[in-house]
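Structure first, then comments.
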Amino acid sequence: MTSMFSKKIQTKGFTLIELLVVISIIGLLSSIVLASLNSARVKARNAARISSIHALVNAFNLGLGDTGSFPNTSNTSNSWVCVSATCYDGWLVYSSNAQVDAFLSPSLPQKPSDPTGGGRGYGGFLYVNPAGPYTGQVGAYLDFILEPGGSCPSGSFWTSNSSYTQCILYLGQ
């Protein structure tokens with residue numbers, strides 16, 4: 001005999017524990033995805049910087065073919081000059097140079113810009129001639145900063161710490 005009090009109540013749905021387990025798994029997976037997205041953003045910004053450096057190197061080499069020498073910056077108050085759209089934060093003291101801009105303008109109509117726009121303490125692209133010997137040679141150099149994990153192009157002198165990698169690329173004499 002079954003009594004009317006011994007009937008099992010059937011409910012549809014999830015228990016609180018099941019819901020908490022699903023929510024914690026979703027949270028864990030989303031944190032992993034966000035961390036890898038941030039890493040991909042850093043790599044993309046560093047790739048954009050390297051691309052800008054290649055454009056500057058090509059522009060300097062094209063100008064070298066036309067004039068026979070790189071522009072001299074030793075007559076400026078600070079030998080390093082900004083060759084990007086803007087130099088910011090710690091590199092704000094470096095201004096552009098009309099002679100260098102005129103040298104680059106036929107083959108580089110628009111100056112490159114740093115993709116972060118000023119969030120790292122130093123930013124932009126610098127040029128100097130004559131300088132060194134950073135790589136054992138006196139001549140023209142480009143200086144730029146990559147975010148952590150970035151690799152300088154071959155032929156670069158570099159220093160690295162946990163905040164950035166600084167690359168100094170020798171252009172020639």
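Labeling convention for the structure tokens: chains A, B, ... as they appear, residues from 1 per chain, ligands from 1 in order of appearance.
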Q: Going by DSSP on the backbone, which bits of region 41-154 of chain A are helix (DSSP H, G or I)? Write them as number ranges by chain, please.
A: A: 41-67, 98-104
File dump, residues just selected, N, CA and C atoms, as a tab-separated table (two decimals), in the first residue's frame:
```
chain	number	residue	atom	x	y	z
A	41	ARG	N	46.78	41.16	-28.72
A	41	ARG	CA	46.81	42.62	-28.96
A	41	ARG	C	48.23	43.16	-28.87
A	42	VAL	N	48.99	42.71	-27.88
A	42	VAL	CA	50.38	43.15	-27.74
A	42	VAL	C	51.18	42.74	-28.98
A	43	LYS	N	51.01	41.51	-29.43
A	43	LYS	CA	51.73	41.05	-30.62
A	43	LYS	C	51.33	41.86	-31.85
A	44	ALA	N	50.06	42.20	-31.96
A	44	ALA	CA	49.60	43.00	-33.11
A	44	ALA	C	50.20	44.40	-33.08
A	45	ARG	N	50.25	45.02	-31.88
A	45	ARG	CA	50.86	46.36	-31.79
A	45	ARG	C	52.35	46.32	-32.10
A	46	ASN	N	53.05	45.29	-31.62
A	46	ASN	CA	54.47	45.16	-31.94
A	46	ASN	C	54.68	44.92	-33.43
A	47	ALA	N	53.81	44.15	-34.05
A	47	ALA	CA	53.91	43.92	-35.50
A	47	ALA	C	53.69	45.23	-36.26
A	48	ALA	N	52.76	46.07	-35.78
A	48	ALA	CA	52.53	47.37	-36.41
A	48	ALA	C	53.77	48.26	-36.26
A	49	ARG	N	54.42	48.22	-35.11
A	49	ARG	CA	55.65	49.00	-34.91
A	49	ARG	C	56.76	48.54	-35.86
A	50	ILE	N	56.94	47.24	-35.98
A	50	ILE	CA	57.97	46.69	-36.88
A	50	ILE	C	57.66	47.09	-38.32
A	51	SER	N	56.39	47.04	-38.69
A	51	SER	CA	55.99	47.46	-40.04
A	51	SER	C	56.33	48.94	-40.27
A	52	SER	N	56.09	49.77	-39.27
A	52	SER	CA	56.42	51.19	-39.37
A	52	SER	C	57.93	51.39	-39.49
A	53	ILE	N	58.69	50.60	-38.77
A	53	ILE	CA	60.15	50.70	-38.86
A	53	ILE	C	60.61	50.31	-40.26
A	54	HIS	N	60.03	49.25	-40.82
A	54	HIS	CA	60.39	48.86	-42.19
A	54	HIS	C	60.07	49.97	-43.18
A	55	ALA	N	58.94	50.65	-42.99
A	55	ALA	CA	58.58	51.77	-43.87
A	55	ALA	C	59.60	52.90	-43.72
A	56	LEU	N	60.02	53.18	-42.48
A	56	LEU	CA	61.03	54.23	-42.26
A	56	LEU	C	62.37	53.84	-42.88
A	57	VAL	N	62.78	52.59	-42.70
A	57	VAL	CA	64.05	52.13	-43.28
A	57	VAL	C	64.01	52.26	-44.80
A	58	ASN	N	62.89	51.85	-45.40
A	58	ASN	CA	62.76	51.97	-46.86
A	58	ASN	C	62.82	53.43	-47.30
A	59	ALA	N	62.15	54.31	-46.55
A	59	ALA	CA	62.16	55.74	-46.89
A	59	ALA	C	63.57	56.32	-46.76
A	60	PHE	N	64.28	55.95	-45.71
A	60	PHE	CA	65.66	56.44	-45.56
A	60	PHE	C	66.55	55.91	-46.68
A	61	ASN	N	66.39	54.65	-47.05
A	61	ASN	CA	67.21	54.08	-48.12
A	61	ASN	C	66.89	54.71	-49.48
A	62	LEU	N	65.62	54.99	-49.73
A	62	LEU	CA	65.26	55.67	-50.98
A	62	LEU	C	65.84	57.08	-51.02
A	63	GLY	N	65.77	57.77	-49.88
A	63	GLY	CA	66.37	59.10	-49.81
A	63	GLY	C	67.88	59.06	-49.95
A	64	LEU	N	68.48	58.02	-49.41
A	64	LEU	CA	69.93	57.84	-49.53
A	64	LEU	C	70.31	57.67	-51.00
A	65	GLY	N	69.50	56.93	-51.74
A	65	GLY	CA	69.76	56.75	-53.17
A	65	GLY	C	69.68	58.06	-53.94
A	66	ASP	N	68.81	58.96	-53.49
A	66	ASP	CA	68.64	60.25	-54.18
A	66	ASP	C	69.73	61.26	-53.81
A	67	THR	N	70.11	61.28	-52.52
A	67	THR	CA	71.03	62.33	-52.04
A	67	THR	C	72.45	61.85	-51.78
A	98	ALA	N	63.04	69.63	-39.67
A	98	ALA	CA	62.59	69.96	-41.02
A	98	ALA	C	63.45	69.29	-42.08
A	99	GLN	N	64.75	69.22	-41.85
A	99	GLN	CA	65.65	68.60	-42.83
A	99	GLN	C	65.35	67.09	-42.97
A	100	VAL	N	65.14	66.43	-41.86
A	100	VAL	CA	64.83	65.00	-41.88
A	100	VAL	C	63.44	64.78	-42.50
A	101	ASP	N	62.47	65.62	-42.14
A	101	ASP	CA	61.13	65.49	-42.72
A	101	ASP	C	61.16	65.67	-44.24
A	102	ALA	N	61.93	66.64	-44.72
A	102	ALA	CA	62.05	66.86	-46.17
A	102	ALA	C	62.73	65.68	-46.85
A	103	PHE	N	63.68	65.07	-46.17
A	103	PHE	CA	64.39	63.90	-46.69
A	103	PHE	C	63.43	62.72	-46.87
A	104	LEU	N	62.51	62.55	-45.90
A	104	LEU	CA	61.60	61.40	-45.90
A	104	LEU	C	60.35	61.62	-46.75
```
Q) Leaving out region 153-166 of chain A and any residue of its chain fewer than 5 positions from it, which residues lie within 12 Å of it when counting only C-alpha atoms, given as JSON, numbers by chain? A) {"A": [42, 46, 47, 49, 50, 51, 52, 53, 54, 57, 119, 120, 121, 122, 123, 124, 125, 126, 132, 133, 134, 135, 136, 137, 141, 142, 143, 144, 145, 146, 147, 148, 171, 172]}
Test item: residues at most 6 Å from region 80-87 of chain A, only C-alpha atoms, excluding those fewer than 3 positions along its chain, as a PDB file with N, CA and C atoms, in the first residue's frame:
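Result file out-v3.pdb:
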```pdb
ATOM      1  N   TRP A  91      59.790  60.605 -24.343  1.00  0.00           N
ATOM      2  CA  TRP A  91      60.415  61.047 -25.593  1.00  0.00           C
ATOM      3  C   TRP A  91      59.805  62.338 -26.122  1.00  0.00           C
ATOM      4  N   LEU A  92      58.998  62.995 -25.309  1.00  0.00           N
ATOM      5  CA  LEU A  92      58.376  64.253 -25.711  1.00  0.00           C
ATOM      6  C   LEU A  92      59.411  65.349 -25.951  1.00  0.00           C
ATOM      7  N   TYR A  94      61.997  65.147 -27.669  1.00  0.00           N
ATOM      8  CA  TYR A  94      62.546  65.045 -29.024  1.00  0.00           C
ATOM      9  C   TYR A  94      61.529  65.595 -30.025  1.00  0.00           C
ATOM     10  N   SER A  95      61.909  66.619 -30.739  1.00  0.00           N
ATOM     11  CA  SER A  95      60.989  67.222 -31.706  1.00  0.00           C
ATOM     12  C   SER A  95      61.353  66.773 -33.114  1.00  0.00           C
ATOM     13  N   SER A  96      60.502  67.117 -34.058  1.00  0.00           N
ATOM     14  CA  SER A  96      60.788  66.775 -35.448  1.00  0.00           C
ATOM     15  C   SER A  96      61.852  67.723 -35.994  1.00  0.00           C
ATOM     16  N   LYS A 111      53.873  60.302 -41.771  1.00  0.00           N
ATOM     17  CA  LYS A 111      54.738  59.717 -40.746  1.00  0.00           C
ATOM     18  C   LYS A 111      53.998  58.604 -40.011  1.00  0.00           C
ATOM     19  N   PRO A 112      54.707  57.537 -39.651  1.00  0.00           N
ATOM     20  CA  PRO A 112      54.060  56.465 -38.885  1.00  0.00           C
ATOM     21  C   PRO A 112      53.776  56.920 -37.458  1.00  0.00           C
ATOM     22  N   SER A 113      52.853  56.230 -36.812  1.00  0.00           N
ATOM     23  CA  SER A 113      52.551  56.552 -35.415  1.00  0.00           C
ATOM     24  C   SER A 113      52.602  55.277 -34.588  1.00  0.00           C
ATOM     25  N   GLY A 123      57.400  56.612 -26.317  1.00  0.00           N
ATOM     26  CA  GLY A 123      56.753  56.170 -27.535  1.00  0.00           C
ATOM     27  C   GLY A 123      57.095  57.026 -28.726  1.00  0.00           C
ATOM     28  N   GLY A 124      57.012  56.415 -29.875  1.00  0.00           N
ATOM     29  CA  GLY A 124      57.332  57.062 -31.123  1.00  0.00           C
ATOM     30  C   GLY A 124      58.558  56.414 -31.734  1.00  0.00           C
ATOM     31  N   PHE A 125      59.100  57.076 -32.747  1.00  0.00           N
ATOM     32  CA  PHE A 125      60.291  56.581 -33.433  1.00  0.00           C
ATOM     33  C   PHE A 125      61.302  57.721 -33.509  1.00  0.00           C
ATOM     34  N   LEU A 126      62.541  57.435 -33.147  1.00  0.00           N
ATOM     35  CA  LEU A 126      63.593  58.453 -33.127  1.00  0.00           C
ATOM     36  C   LEU A 126      64.661  58.130 -34.163  1.00  0.00           C
ATOM     37  N   TYR A 127      65.318  59.202 -34.645  1.00  0.00           N
ATOM     38  CA  TYR A 127      66.397  59.069 -35.622  1.00  0.00           C
ATOM     39  C   TYR A 127      67.553  59.944 -35.171  1.00  0.00           C
ATOM     40  N   VAL A 128      68.777  59.489 -35.428  1.00  0.00           N
ATOM     41  CA  VAL A 128      69.969  60.287 -35.133  1.00  0.00           C
ATOM     42  C   VAL A 128      71.043  59.973 -36.172  1.00  0.00           C
TER      43      VAL A 128
END
```
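Across the structure, CA of Pro71 (chain A) and CA of Cys167 (chain A) are spaced 20.5 Å apart.
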Q | DSSP strand (DSSP E) selection over chain A, as a PyMOL selection string | A | chain A and resi 81-82+88-89+122-123+125-131+139-146+156-160+165-172
Q. For the atom pair CA of Asn129 (chain A) and CA of Ser69 (chain A), what is the interatomic distance in Å to one decimal place?
A.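 For CA of Asn129 (chain A) relative to CA of Ser69 (chain A), the distance reads 10.2 Å.
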Q) Pick from A:Leu29, A:Ile168, A:Ala35, A:Cys152: nearest to Ala140 (chain A), with only C-alpha atoms counted? A)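 Ranking A:Leu29, A:Ile168, A:Ala35, A:Cys152 by distance to Ala140 (chain A), first place goes to A:Ile168.
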**Q.** Which residue of A:Pro106, A:Pro115, A:Gly90, A:Pro130 approaches Ser74 (chain A) most closely, using only C-alpha atoms
**A.**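 Selected residue with least distance to Ser74 (chain A): A:Pro130.
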